[in-house]
file query02.txt (compact mmCIF, C-alpha atoms)
# COMPACT_ATOMS: atom_id res chain seq x y z
CA MET A 26 4.45 43.15 -1.48
CA ILE A 27 0.96 42.15 -2.61
CA SER A 28 0.06 45.77 -3.30
CA SER A 29 2.97 46.11 -5.74
CA LEU A 30 1.79 43.01 -7.59
CA LYS A 31 -1.77 44.32 -7.68
CA LYS A 32 -0.66 46.91 -10.24
CA TYR A 33 -0.09 44.11 -12.74
CA TYR A 34 -2.50 41.32 -11.78
CA GLU A 35 -5.99 41.01 -10.32
CA ILE A 36 -5.24 39.49 -6.92
CA GLU A 37 -8.04 38.23 -4.74
CA LYS A 38 -7.55 37.84 -0.99
CA LYS A 39 -8.80 34.48 0.29
CA ARG A 40 -7.41 34.64 3.83
CA ASP A 41 -4.76 36.68 5.62
CA THR A 42 -2.18 34.21 4.43
CA LEU A 43 -3.64 33.17 1.08
CA PHE A 44 -3.99 35.13 -2.18
CA LYS A 45 -5.17 34.03 -5.56
CA THR A 46 -4.85 35.17 -9.15
CA HIS A 47 -6.09 33.77 -12.44
CA ILE A 48 -4.02 33.91 -15.63
CA GLU A 49 -4.15 32.50 -19.16
CA LYS A 50 -1.98 29.50 -19.90
CA GLU A 51 0.13 31.36 -22.48
CA GLU A 52 1.27 33.80 -19.78
CA LEU A 53 2.25 31.15 -17.25
CA LEU A 54 6.04 31.21 -17.61
CA LYS A 55 6.17 34.99 -17.96
CA THR A 56 3.98 35.56 -14.90
CA ILE A 57 5.79 33.18 -12.60
CA ASP A 58 9.14 34.57 -13.69
CA PHE A 59 7.91 38.10 -13.04
CA ILE A 60 6.45 37.32 -9.62
CA THR A 61 9.48 35.42 -8.33
CA ILE A 62 11.83 38.24 -9.36
CA ASN A 63 9.70 41.20 -8.28
CA SER A 64 8.18 39.95 -5.04
CA ASN A 65 8.89 37.85 -1.99
CA PHE A 66 7.04 34.80 -3.38
CA MET A 67 10.26 33.07 -4.21
CA THR A 68 9.60 29.33 -4.26
CA LEU A 69 7.09 26.79 -5.54
CA SER A 70 5.57 24.66 -2.79
CA GLN A 71 3.15 22.57 -4.85
CA ILE A 72 1.14 22.17 -8.02
CA ALA A 73 -2.47 21.13 -7.38
CA CYS A 74 -4.86 19.94 -10.06
CA ALA A 75 -8.65 19.67 -10.15
CA ASP A 76 -10.63 17.92 -12.86
CA TRP A 77 -13.75 19.91 -13.87
CA ILE A 78 -15.27 17.42 -16.25
CA GLU A 79 -18.49 19.49 -16.62
CA ASP A 80 -16.54 22.51 -17.91
CA GLU A 81 -14.08 20.34 -19.87
CA VAL A 82 -11.07 21.87 -18.12
CA PHE A 83 -8.30 21.01 -15.73
CA THR A 84 -7.63 23.74 -13.18
CA LEU A 85 -4.02 23.85 -12.07
CA ASN A 86 -2.95 25.86 -9.05
CA TYR A 87 0.71 26.77 -8.82
CA ILE A 88 1.22 27.64 -5.16
CA LEU A 89 4.10 30.03 -4.47
CA THR A 90 5.43 30.66 -0.98
CA THR A 91 7.49 33.41 0.62
CA ASP A 92 10.91 32.81 2.13
CA ARG A 93 9.36 32.95 5.62
CA ARG A 94 6.59 30.52 4.64
CA ASP A 95 3.94 32.91 6.01
CA LYS A 96 2.03 33.82 2.82
CA ASN A 97 0.92 31.77 -0.17
CA LEU A 98 -0.05 32.89 -3.64
CA MET A 99 -2.13 30.61 -5.85
CA ILE A 100 -1.74 31.08 -9.58
CA GLU A 101 -4.70 29.48 -11.32
CA VAL A 102 -4.48 28.24 -14.90
CA ASN A 103 -7.21 26.50 -16.89
CA ILE A 104 -6.26 24.08 -19.63
CA PRO A 105 -8.52 21.95 -21.85
CA ARG A 106 -9.00 18.32 -20.81
CA VAL A 107 -8.28 17.02 -24.31
CA ASP A 108 -4.68 17.31 -25.50
CA SER A 109 -3.69 19.13 -22.33
CA LYS A 110 -0.27 20.72 -22.53
CA LEU A 111 1.71 23.20 -20.46
CA PRO A 112 5.30 24.43 -20.51
CA THR A 113 7.53 23.00 -17.78
CA LEU A 114 8.82 25.13 -14.90
CA LEU A 115 12.09 23.20 -14.68
CA ASN A 116 14.20 26.23 -15.61
CA ILE A 117 12.76 28.29 -12.74
CA PHE A 118 12.13 25.67 -10.05
CA PRO A 119 14.02 22.34 -10.22
CA GLN A 120 11.60 20.83 -7.65
CA SER A 121 8.78 20.99 -10.18
CA GLU A 122 10.21 17.92 -11.92
CA VAL A 123 8.61 15.45 -9.51
CA MET A 124 5.33 17.39 -9.25
CA GLU A 125 4.95 17.47 -13.03
CA ARG A 126 5.84 13.81 -13.32
CA ASP A 127 3.14 12.99 -10.78
CA LEU A 128 0.53 15.11 -12.60
CA HIS A 129 1.47 13.48 -15.89
CA GLU A 130 0.88 10.04 -14.41
CA MET A 131 -2.35 10.81 -12.56
CA TYR A 132 -4.03 13.16 -15.09
CA GLY A 133 -2.14 12.69 -18.34
CA ILE A 134 -1.02 16.31 -18.66
CA ASP A 135 2.00 16.85 -20.92
CA PHE A 136 4.65 19.24 -19.64
CA ILE A 137 6.66 20.33 -22.65
CA GLY A 138 10.38 20.31 -21.88
CA ASN A 139 10.25 17.88 -18.97
CA SER A 140 12.09 14.71 -20.00
CA THR A 141 11.17 12.62 -16.95
CA LEU A 142 7.55 11.92 -17.81
CA TYR A 143 7.76 8.12 -17.63
CA ASP A 144 6.59 5.54 -15.03
CA PHE A 145 6.59 6.95 -11.55
CA VAL A 146 4.38 5.27 -8.95
CA LEU A 147 2.17 3.17 -11.22
CA GLU A 148 4.22 0.63 -13.12
CA ASP A 149 3.08 -0.59 -16.53
CA TRP A 150 -0.23 1.22 -16.28
CA LYS A 151 -2.26 0.62 -19.45
CA GLU A 152 -5.60 2.27 -18.67
CA ILE A 153 -6.42 5.98 -18.77
CA PRO A 154 -4.77 7.97 -15.95
CA PRO A 155 -6.62 7.00 -12.75
CA LEU A 156 -7.40 10.42 -11.28
CA ARG A 157 -9.27 11.62 -14.39
CA ARG A 158 -12.93 11.58 -13.53
CA GLU A 159 -14.02 9.49 -16.50
CA PHE A 160 -11.98 6.61 -15.02
CA ASP A 161 -14.49 4.35 -13.24
CA THR A 162 -12.59 3.00 -10.24
CA LEU A 163 -15.27 0.57 -9.08
CA GLU A 164 -15.67 -0.94 -12.53
CA TYR A 165 -11.90 -1.38 -12.81
CA VAL A 166 -11.75 -3.05 -9.38
CA ASN A 167 -14.63 -5.42 -10.16
CA LYS A 168 -12.98 -6.39 -13.45
CA HIS A 169 -9.51 -7.05 -12.03
CA PHE A 170 -10.02 -8.46 -8.54
CA ASN A 171 -11.95 -11.23 -6.79
CA PHE A 172 -13.59 -10.23 -3.54
CA ARG A 173 -13.79 -12.54 -0.57
CA ILE A 174 -17.22 -14.06 -0.05
CA GLY A 175 -19.14 -12.75 2.97
CA ARG A 176 -19.33 -9.03 2.39
CA GLU A 177 -22.28 -8.97 0.03
CA ASP A 178 -25.06 -9.69 2.57
CA ASN A 179 -24.28 -6.39 4.35
CA ARG A 180 -26.31 -7.18 7.47
CA ASP A 181 -26.91 -4.65 10.20
CA VAL A 182 -24.47 -5.50 13.00
CA LYS A 183 -26.84 -4.48 15.80
CA VAL A 184 -29.57 -6.81 14.56
CA GLU A 185 -27.08 -9.66 14.35
CA ILE A 186 -25.81 -9.02 17.91
CA LYS A 187 -29.39 -9.00 19.23
CA ARG A 188 -30.12 -12.27 17.45
CA ARG A 189 -27.01 -13.93 18.88
CA ARG A 190 -27.78 -12.75 22.41
CA ALA A 191 -31.32 -14.09 22.20
CA GLU A 192 -29.93 -17.39 20.89
CA ALA A 193 -27.44 -17.62 23.77
CA LYS A 194 -30.17 -16.82 26.30
CA ARG A 195 -32.42 -19.48 24.84
CA LEU A 196 -29.64 -22.09 25.06
CA LYS A 197 -28.89 -21.11 28.65
CA ASN A 198 -32.53 -21.48 29.66
CA ALA A 199 -32.78 -24.80 27.87
CA ASN A 200 -29.78 -26.15 29.82
CA LYS A 201 -31.40 -25.24 33.11
CA MET B 108 0.05 -12.19 35.06
CA GLN B 109 0.64 -8.64 33.97
CA GLU B 110 -1.73 -7.33 31.36
CA GLY B 111 -0.38 -7.26 27.85
CA PHE B 112 1.92 -10.27 28.17
CA ILE B 113 1.29 -13.71 26.76
CA ASP B 114 1.86 -16.52 29.22
CA TYR B 115 3.99 -18.45 26.78
CA GLN B 116 4.45 -21.40 29.14
CA LYS B 117 0.68 -21.84 29.31
CA VAL B 118 0.43 -21.70 25.56
CA LEU B 119 3.09 -24.42 25.26
CA GLU B 120 1.38 -26.68 27.80
CA ASN B 121 -1.88 -26.39 25.91
CA GLU B 122 -2.83 -29.72 24.35
CA GLU B 123 -3.31 -28.12 21.00
CA HIS B 124 0.41 -27.40 20.81
CA ALA B 125 1.65 -30.86 21.73
CA ILE B 126 3.35 -32.77 18.90
CA LYS B 127 0.75 -34.96 17.18
CA SER B 128 2.52 -35.59 13.90
CA THR B 129 2.07 -39.03 12.40
CA GLN B 130 5.43 -38.89 10.64
CA SER B 131 8.65 -40.72 11.54
CA VAL B 132 10.69 -39.81 14.59
CA ILE B 133 13.40 -38.09 12.58
CA GLN B 134 10.85 -36.06 10.65
CA LYS B 135 9.21 -35.11 13.95
CA ALA B 136 12.56 -33.94 15.30
CA ILE B 137 13.26 -31.95 12.13
CA ASP B 138 9.83 -30.30 12.33
CA TRP B 139 10.43 -29.45 15.99
CA PHE B 140 13.79 -27.83 15.24
CA ARG B 141 12.29 -26.02 12.31
CA SER B 142 9.49 -24.56 14.40
CA LYS B 143 11.99 -23.26 16.94
CA SER B 144 14.15 -21.27 14.54
CA MET B 145 12.12 -18.96 12.36
CA PHE B 146 14.09 -16.36 10.45
CA VAL B 147 11.93 -13.47 9.34
CA LEU B 148 12.75 -11.30 6.34
CA ALA B 149 13.02 -7.73 7.56
CA TYR B 150 10.69 -6.23 4.97
CA GLY B 151 7.58 -4.14 5.58
CA THR B 152 5.02 -3.53 2.86
CA GLY B 153 2.42 -1.29 4.48
CA CYS B 154 1.46 0.54 7.62
CA GLY B 155 1.55 -2.74 9.58
CA ALA B 156 5.32 -2.63 9.55
CA ILE B 157 5.05 -0.16 12.43
CA GLU B 158 3.98 -3.00 14.74
CA MET B 159 7.09 -5.02 13.96
CA PRO B 160 9.73 -3.00 15.88
CA PRO B 161 7.95 -3.44 19.26
CA THR B 162 7.40 -7.11 18.44
CA PHE B 163 11.08 -7.69 17.80
CA THR B 164 12.56 -5.43 20.46
CA SER B 165 12.62 -5.57 24.25
CA ARG B 166 8.95 -4.77 24.97
CA TYR B 167 7.57 -8.00 23.49
CA ASP B 168 10.86 -9.64 22.49
CA ILE B 169 9.70 -12.32 20.07
CA GLU B 170 13.25 -13.69 19.94
CA ARG B 171 12.45 -15.69 23.11
CA ILE B 172 10.33 -18.04 20.99
CA GLY B 173 12.99 -18.36 18.29
CA VAL B 174 11.95 -15.68 15.81
CA VAL B 175 14.84 -13.60 14.47
CA GLY B 176 15.04 -10.91 11.81
CA MET B 177 17.15 -11.54 8.71
CA ALA B 178 18.54 -9.15 6.17
CA THR B 179 18.09 -10.93 2.84
CA PRO B 180 15.45 -13.25 1.36
CA ARG B 181 17.95 -16.05 0.84
CA GLN B 182 18.60 -16.29 4.58
CA ALA B 183 14.95 -16.04 5.63
CA ASP B 184 12.22 -18.64 6.23
CA ILE B 185 9.29 -16.36 6.82
CA LEU B 186 7.92 -13.48 4.81
CA ILE B 187 5.61 -11.09 6.62
CA VAL B 188 3.32 -9.10 4.34
CA SER B 189 2.38 -6.37 6.75
CA GLY B 190 -0.66 -4.51 5.53
CA TYR B 191 -1.87 -3.22 2.18
CA CYS B 192 -0.03 -4.38 -0.88
CA SER B 193 0.01 -2.28 -4.05
CA TYR B 194 0.84 -3.64 -7.51
CA LYS B 195 4.31 -2.23 -7.33
CA THR B 196 4.96 -3.79 -3.92
CA LEU B 197 3.41 -7.10 -4.89
CA LYS B 198 5.95 -7.51 -7.69
CA ARG B 199 8.76 -7.13 -5.15
CA VAL B 200 6.98 -9.41 -2.68
CA ILE B 201 6.69 -12.16 -5.30
CA ARG B 202 10.31 -11.72 -6.29
CA SER B 203 11.46 -11.91 -2.66
CA TYR B 204 9.24 -14.93 -2.04
CA GLU B 205 10.63 -16.79 -5.02
CA GLN B 206 14.20 -16.09 -3.88
CA MET B 207 13.64 -17.60 -0.44
CA ASN B 208 14.87 -21.11 0.25
CA GLU B 209 12.37 -23.82 1.09
CA PRO B 210 10.83 -24.47 3.57
CA LYS B 211 9.30 -21.01 3.58
CA TYR B 212 6.13 -19.60 5.08
CA VAL B 213 4.08 -16.45 4.64
CA ILE B 214 2.31 -14.53 7.41
CA ALA B 215 -0.19 -11.87 6.31
CA LEU B 216 -1.03 -9.09 8.73
CA GLY B 217 -4.06 -6.86 8.75
CA SER B 218 -7.46 -6.80 7.10
CA CYS B 219 -6.00 -5.35 3.88
CA THR B 220 -4.35 -8.64 2.98
CA ILE B 221 -7.55 -10.54 3.81
CA ASN B 222 -10.22 -8.61 1.88
CA GLY B 223 -8.73 -5.26 0.90
CA GLY B 224 -9.73 -3.55 4.14
CA MET B 225 -10.23 0.17 3.69
CA TYR B 226 -8.67 -0.09 0.22
CA TRP B 227 -11.46 -2.38 -1.05
CA ASP B 228 -12.25 -0.03 -3.98
CA SER B 229 -8.71 1.16 -4.72
CA TYR B 230 -7.44 0.76 -8.28
CA ASN B 231 -3.91 0.11 -7.12
CA THR B 232 -4.18 -2.31 -4.18
CA ILE B 233 -4.76 -6.07 -4.30
CA LYS B 234 -7.73 -7.48 -2.40
CA ARG B 235 -6.81 -11.07 -1.55
CA LEU B 236 -3.17 -11.88 -1.04
CA GLU B 237 -3.65 -15.65 -1.24
CA ASP B 238 -4.57 -15.35 -4.93
CA TYR B 239 -0.98 -14.37 -5.73
CA ILE B 240 1.19 -16.15 -3.14
CA PRO B 241 0.16 -18.90 -0.70
CA VAL B 242 -0.46 -17.64 2.84
CA ASP B 243 0.19 -19.88 5.84
CA MET B 244 -1.21 -17.65 8.57
CA PHE B 245 -3.51 -14.66 8.57
CA VAL B 246 -3.49 -12.28 11.53
CA ASN B 247 -6.50 -9.98 11.35
CA GLY B 248 -6.96 -6.51 12.78
CA CYS B 249 -6.26 -3.02 11.61
CA MET B 250 -3.49 -3.12 12.73
CA PRO B 251 -2.92 -6.30 14.78
CA ARG B 252 -1.21 -5.64 18.11
CA PRO B 253 2.15 -7.31 18.80
CA GLU B 254 0.33 -9.83 21.04
CA ALA B 255 -1.73 -10.91 18.03
CA ILE B 256 1.39 -11.21 15.88
CA ILE B 257 3.03 -13.38 18.55
CA GLU B 258 -0.07 -15.57 18.71
CA GLY B 259 0.09 -15.94 14.94
CA PHE B 260 3.70 -17.09 15.18
CA VAL B 261 2.87 -19.58 17.95
CA LYS B 262 0.00 -21.02 15.89
CA LEU B 263 2.28 -21.29 12.85
CA GLN B 264 4.86 -23.09 14.99
CA SER B 265 2.29 -25.66 16.05
CA ASN B 266 1.19 -26.08 12.44
CA ILE B 267 4.79 -26.72 11.40
CA LYS B 268 5.37 -29.12 14.29
CA ASN B 269 2.28 -31.19 13.63
CA ALA B 270 2.46 -31.00 9.85
CA LYS B 271 -1.30 -30.44 10.13
CA LYS B 272 -1.78 -28.29 7.09
CA GLU B 273 -0.06 -28.46 3.76
CA ALA B 274 2.63 -25.81 3.80
CA GLY B 275 2.28 -22.88 1.41
CA TYR B 276 5.48 -23.50 -0.52
CA ILE B 277 4.29 -27.00 -1.47
CA LYS B 278 1.03 -25.49 -2.71
CA TYR B 279 3.02 -22.89 -4.68
CA ARG B 280 4.85 -25.68 -6.45
CA LYS B 281 1.79 -27.83 -7.06
CA ASP B 282 -0.64 -25.09 -8.16
CA ASN B 283 2.00 -22.89 -9.70
CA GLU B 284 -0.18 -22.35 -12.76
CA PHE B 285 -3.04 -20.97 -10.64
CA TYR B 286 -0.80 -18.44 -8.92
CA LYS B 287 1.02 -17.44 -12.10
CA ASN B 288 -2.28 -16.96 -13.96
CA ASN B 289 -3.57 -14.68 -11.21
CA GLN B 290 -0.33 -12.72 -11.26
CA LYS B 291 -0.52 -12.41 -15.05
CA LYS B 292 -4.08 -11.09 -14.77
CA ILE B 293 -2.87 -7.87 -13.18
CA PHE B 294 0.73 -7.59 -14.39
CA GLY B 295 0.49 -8.89 -17.93
CA ASP B 296 3.56 -10.85 -18.96
CA LYS B 297 5.94 -8.64 -17.01
CA ILE B 298 5.83 -10.32 -13.62
CA GLU B 299 9.30 -9.39 -12.50
CA PRO B 300 9.99 -5.73 -11.88
CA SER B 301 10.98 -4.45 -15.28
CA TYR B 302 13.93 -2.21 -14.70
CA GLU B 303 14.17 -1.27 -18.40
CA ALA B 304 10.81 0.46 -18.23
CA ASN B 305 12.03 2.81 -15.54
CA PHE B 306 14.90 4.02 -17.65
CA ALA B 307 13.07 4.16 -20.96
CA GLY B 308 12.63 7.92 -20.81
CA MET B 309 16.20 8.61 -19.78
CA ASN B 310 17.61 8.35 -23.29
CA GLN B 311 15.24 10.83 -24.89

call {"tool": "encode", "arguments": {"input": "query02.txt", "output": "structure tokens"}}
result
Amino acid sequence: MISSLKKYYEIEKKRDTLFKTHIEKEELLKTIDFITINSNFMTLSQIACADWIEDEVFTLNYILTTDRRDKNLMIEVNIPRVDSKLPTLLNIFPQSEVMERDLHEMYGIDFIGNSTLYDFVLEDWKEIPPLRREFDTLEYVNKHFNFRIGREDNRDVKVEIKRRRAEAKRLKNANK
Amino acid sequence: MQEGFIDYQKVLENEEHAIKSTQSVIQKAIDWFRSKSMFVLAYGTGCGAIEMPPTFTSRYDIERIGVVGMATPRQADILIVSGYCSYKTLKRVIRSYEQMNEPKYVIALGSCTINGGMYWDSYNTIKRLEDYIPVDMFVNGCMPRPEAIIEGFVKLQSNIKNAKKEAGYIKYRKDNEFYKNNQKKIFGDKIEPSYEANFAGMNQ
């Protein structure tokens, strides 16, 4: 199965059950169509995304699975971080609707042809998408929330326990 | 006494739980009745909801002290916010709370409602619940065991009986501006769940 695909694509073996190939983003639809028809990798199990801010790219991994769920094939696509666009896979896999909607919300990637790219988990979110690495989570939290007083002293618990024990001992001796 | 069970009789005989209200006899009676029939909204917000089934069913059976589950906010007296509370949940919590009839009380479970807990640096989870709705009783722990939840209920009962503390719903009326301002800080002007926003993309 893999050997027949190796005629067309450079496939790297990661583990016994995991294979990987890298393609250009223009070939995405064509490749996935070809692989699903001509091999046993028949369904999409997930779309994973990594933000490589140093290289200015998003790396998306389309993970295809066999009908027995025993082998996975990762199809890696790099897209630029600015104005990131990809064609939707809705026509091949209907389940990609939710995955693409999630990626749109968390990374801001546009999937052309998917009409469900509106609010999903975050309602009325006005900032940049929160899983992009330029989003400073701590700064956002400090700006929007009040913390309860008492956490900032950050004392070592063991020292505090020792101090309390010594205090209790002193009181006990004083009572005698 | 077997381990894991609260000796409820002992708790009741404790001086702390005797009626010490300075109000009139009728008011005392009303407070007593009120403390003995607490209807809880069956609504779980976070992982803490997993401790509720054992609390309400035969193992701990909280119904023996007058706490019963209710299906809708309009029938309930008590709202339990059980664990972490995201923006999206908080909108629903506020809406449910505002629908409940007075007198109403809020019990907050878990360290997440107290100071954010393990979600202290999360962009999507609130840190202090009492900024947005008044809380009558905090039960700490991650997660609190059913015994702790029962103790929280018993303490709340004694608070209601003795009218010791100002109830949360009175605070919510008095300082409504404070709570609404805090809610606006994170939601903008859309405090209620905006159902139009969810369907905005449908027409395209």

call {"tool": "closest_residue", "arguments": {"input": "query02.txt", "among": "A:Leu147, A:Val184, A:Leu156, A:Leu111", "to": "chain B", "atoms": "only C-alpha atoms"}}
result
A:Leu147

call {"tool": "atom_distance", "arguments": {"input": "query02.txt", "atom1": "atom CA of Leu163 of chain A", "atom2": "atom CA of Tyr226 of chain B"}}
result
11.4 Å

call {"tool": "residues_around", "arguments": {"input": "query02.txt", "residues": "Val242 of chain B", "least_positions_apart": "4", "cutoff": "10 Å", "atoms": "all atoms listed in the file", "output": "PyMOL selection string"}}
result
chain B and resi 186-188+212-215+220+236-238+274-276+278-279

call {"tool": "residues_around", "arguments": {"input": "query02.txt", "residues": "Leu142 of chain A", "least_positions_apart": "4", "cutoff": "9 Å", "atoms": "only C-alpha atoms", "output": "list in words"}}
result
Glu122, Glu125, Arg126, Asp127, His129, Glu130, Asp135 and Phe136 of chain A; Gly308 of chain B

call {"tool": "write_last_selection", "arguments": {"input": "query02.txt", "atoms": "C-alpha atoms", "output": "PDB file, keeping the file's coordinate frame"}}
result
ATOM      1  CA  GLU A 122      10.210  17.920 -11.920  1.00  0.00           C
ATOM      2  CA  GLU A 125       4.950  17.470 -13.030  1.00  0.00           C
ATOM      3  CA  ARG A 126       5.840  13.810 -13.320  1.00  0.00           C
ATOM      4  CA  ASP A 127       3.140  12.990 -10.780  1.00  0.00           C
ATOM      5  CA  HIS A 129       1.470  13.480 -15.890  1.00  0.00           C
ATOM      6  CA  GLU A 130       0.880  10.040 -14.410  1.00  0.00           C
ATOM      7  CA  ASP A 135       2.000  16.850 -20.920  1.00  0.00           C
ATOM      8  CA  PHE A 136       4.650  19.240 -19.640  1.00  0.00           C
TER       9      PHE A 136
ATOM     10  CA  GLY B 308      12.630   7.920 -20.810  1.00  0.00           C
TER      11      GLY B 308
END

call {"tool": "residues_around", "arguments": {"input": "query02.txt", "residues": "Ile157 of chain B", "least_positions_apart": "4", "cutoff": "12 Å", "atoms": "all atoms listed in the file", "output": "VMD selection string"}}
result
chain B and resid 150 to 153 161 to 163 189 to 190 216 to 217 249 to 253

call {"tool": "atom_distance", "arguments": {"input": "query02.txt", "atom1": "atom CA of Ile134 of chain A", "atom2": "atom CA of Lys110 of chain A"}}
result
5.9 Å

call {"tool": "closest_atom_pairs", "arguments": {"input": "query02.txt", "of": "chain A", "to": "chain B", "cutoff": "6 Å", "atoms": "all atoms listed in the file", "output": "JSON lines"}}
result
{"residue": "A:Tyr143", "atom": "CA", "partner": "B:Gly308", "partner_atom": "CA", "distance": 5.8}
{"residue": "A:Thr162", "atom": "CA", "partner": "B:Tyr230", "partner_atom": "CA", "distance": 5.9}
{"residue": "A:Leu163", "atom": "CA", "partner": "B:Asp228", "partner_atom": "CA", "distance": 6.0}
{"residue": "A:Val166", "atom": "CA", "partner": "B:Tyr230", "partner_atom": "CA", "distance": 5.9}
{"residue": "A:Arg173", "atom": "CA", "partner": "B:Asn222", "partner_atom": "CA", "distance": 5.8}

call {"tool": "residues_around", "arguments": {"input": "query02.txt", "residues": "His47 of chain A", "least_positions_apart": "3", "cutoff": "10 Å", "atoms": "all atoms listed in the file", "output": "VMD selection string"}}
result
chain A and resid 34 to 37 50 53 86 99 to 103

call {"tool": "atom_distance", "arguments": {"input": "query02.txt", "atom1": "atom CA of Gly133 of chain A", "atom2": "atom CA of Ser109 of chain A"}}
result
7.7 Å

call {"tool": "closest_residue", "arguments": {"input": "query02.txt", "among": "B:Ile277, B:Gly173, B:Leu263, B:Met159", "to": "Pro210 of chain B", "atoms": "all atoms listed in the file"}}
result
B:Ile277

call {"tool": "residues_near_point", "arguments": {"input": "query02.txt", "point": "(7.4, -9.5, 21.3)", "cutoff": "12 Å", "atoms": "only C-alpha atoms", "output": "PyMOL selection string"}}
result
chain B and resi 111-115+158-175+252-261

call {"tool": "write_last_selection", "arguments": {"input": "query02.txt", "atoms": "C-alpha atoms", "output": "mmCIF file, keeping the file's coordinate frame"}}
result
data_model
loop_
_atom_site.group_PDB
_atom_site.id
_atom_site.type_symbol
_atom_site.label_atom_id
_atom_site.label_comp_id
_atom_site.auth_asym_id
_atom_site.auth_seq_id
_atom_site.Cartn_x
_atom_site.Cartn_y
_atom_site.Cartn_z
ATOM 1 C CA GLY B 111 -0.380 -7.260 27.850
ATOM 2 C CA PHE B 112 1.920 -10.270 28.170
ATOM 3 C CA ILE B 113 1.290 -13.710 26.760
ATOM 4 C CA ASP B 114 1.860 -16.520 29.220
ATOM 5 C CA TYR B 115 3.990 -18.450 26.780
ATOM 6 C CA GLU B 158 3.980 -3.000 14.740
ATOM 7 C CA MET B 159 7.090 -5.020 13.960
ATOM 8 C CA PRO B 160 9.730 -3.000 15.880
ATOM 9 C CA PRO B 161 7.950 -3.440 19.260
ATOM 10 C CA THR B 162 7.400 -7.110 18.440
ATOM 11 C CA PHE B 163 11.080 -7.690 17.800
ATOM 12 C CA THR B 164 12.560 -5.430 20.460
ATOM 13 C CA SER B 165 12.620 -5.570 24.250
ATOM 14 C CA ARG B 166 8.950 -4.770 24.970
ATOM 15 C CA TYR B 167 7.570 -8.000 23.490
ATOM 16 C CA ASP B 168 10.860 -9.640 22.490
ATOM 17 C CA ILE B 169 9.700 -12.320 20.070
ATOM 18 C CA GLU B 170 13.250 -13.690 19.940
ATOM 19 C CA ARG B 171 12.450 -15.690 23.110
ATOM 20 C CA ILE B 172 10.330 -18.040 20.990
ATOM 21 C CA GLY B 173 12.990 -18.360 18.290
ATOM 22 C CA VAL B 174 11.950 -15.680 15.810
ATOM 23 C CA VAL B 175 14.840 -13.600 14.470
ATOM 24 C CA ARG B 252 -1.210 -5.640 18.110
ATOM 25 C CA PRO B 253 2.150 -7.310 18.800
ATOM 26 C CA GLU B 254 0.330 -9.830 21.040
ATOM 27 C CA ALA B 255 -1.730 -10.910 18.030
ATOM 28 C CA ILE B 256 1.390 -11.210 15.880
ATOM 29 C CA ILE B 257 3.030 -13.380 18.550
ATOM 30 C CA GLU B 258 -0.070 -15.570 18.710
ATOM 31 C CA GLY B 259 0.090 -15.940 14.940
ATOM 32 C CA PHE B 260 3.700 -17.090 15.180
ATOM 33 C CA VAL B 261 2.870 -19.580 17.950
#

call {"tool": "closest_residue", "arguments": {"input": "query02.txt", "among": "B:Ile201, B:Glu284, B:Asp184, B:Tyr239", "to": "Lys143 of chain B", "atoms": "all atoms listed in the file"}}
result
B:Asp184

call {"tool": "closest_residue", "arguments": {"input": "query02.txt", "among": "A:Val123, A:Leu196, A:Leu30, A:Met131", "to": "Ser70 of chain A", "atoms": "all atoms listed in the file"}}
result
A:Val123

call {"tool": "decode", "arguments": {"input": "query02.txt", "residues": "segment 262-275 of chain B", "atoms": "C-alpha atoms", "output": "PDB file, in the first residue's frame"}}
result
ATOM      1  CA  LYS B 262     -22.867  26.049  56.895  1.00  0.00           C
ATOM      2  CA  LEU B 263     -25.085  27.845  54.378  1.00  0.00           C
ATOM      3  CA  GLN B 264     -28.160  26.548  56.220  1.00  0.00           C
ATOM      4  CA  SER B 265     -26.904  28.010  59.478  1.00  0.00           C
ATOM      5  CA  ASN B 266     -26.131  31.299  57.740  1.00  0.00           C
ATOM      6  CA  ILE B 267     -29.686  31.425  56.383  1.00  0.00           C
ATOM      7  CA  LYS B 268     -31.183  30.495  59.748  1.00  0.00           C
ATOM      8  CA  ASN B 269     -29.266  33.099  61.699  1.00  0.00           C
ATOM      9  CA  ALA B 270     -29.401  35.789  59.027  1.00  0.00           C
ATOM     10  CA  LYS B 271     -25.758  36.328  59.997  1.00  0.00           C
ATOM     11  CA  LYS B 272     -24.450  37.489  56.670  1.00  0.00           C
ATOM     12  CA  GLU B 273     -26.130  39.610  54.069  1.00  0.00           C
ATOM     13  CA  ALA B 274     -27.448  37.236  51.439  1.00  0.00           C
ATOM     14  CA  GLY B 275     -25.929  37.416  47.967  1.00  0.00           C
TER      15      GLY B 275
END
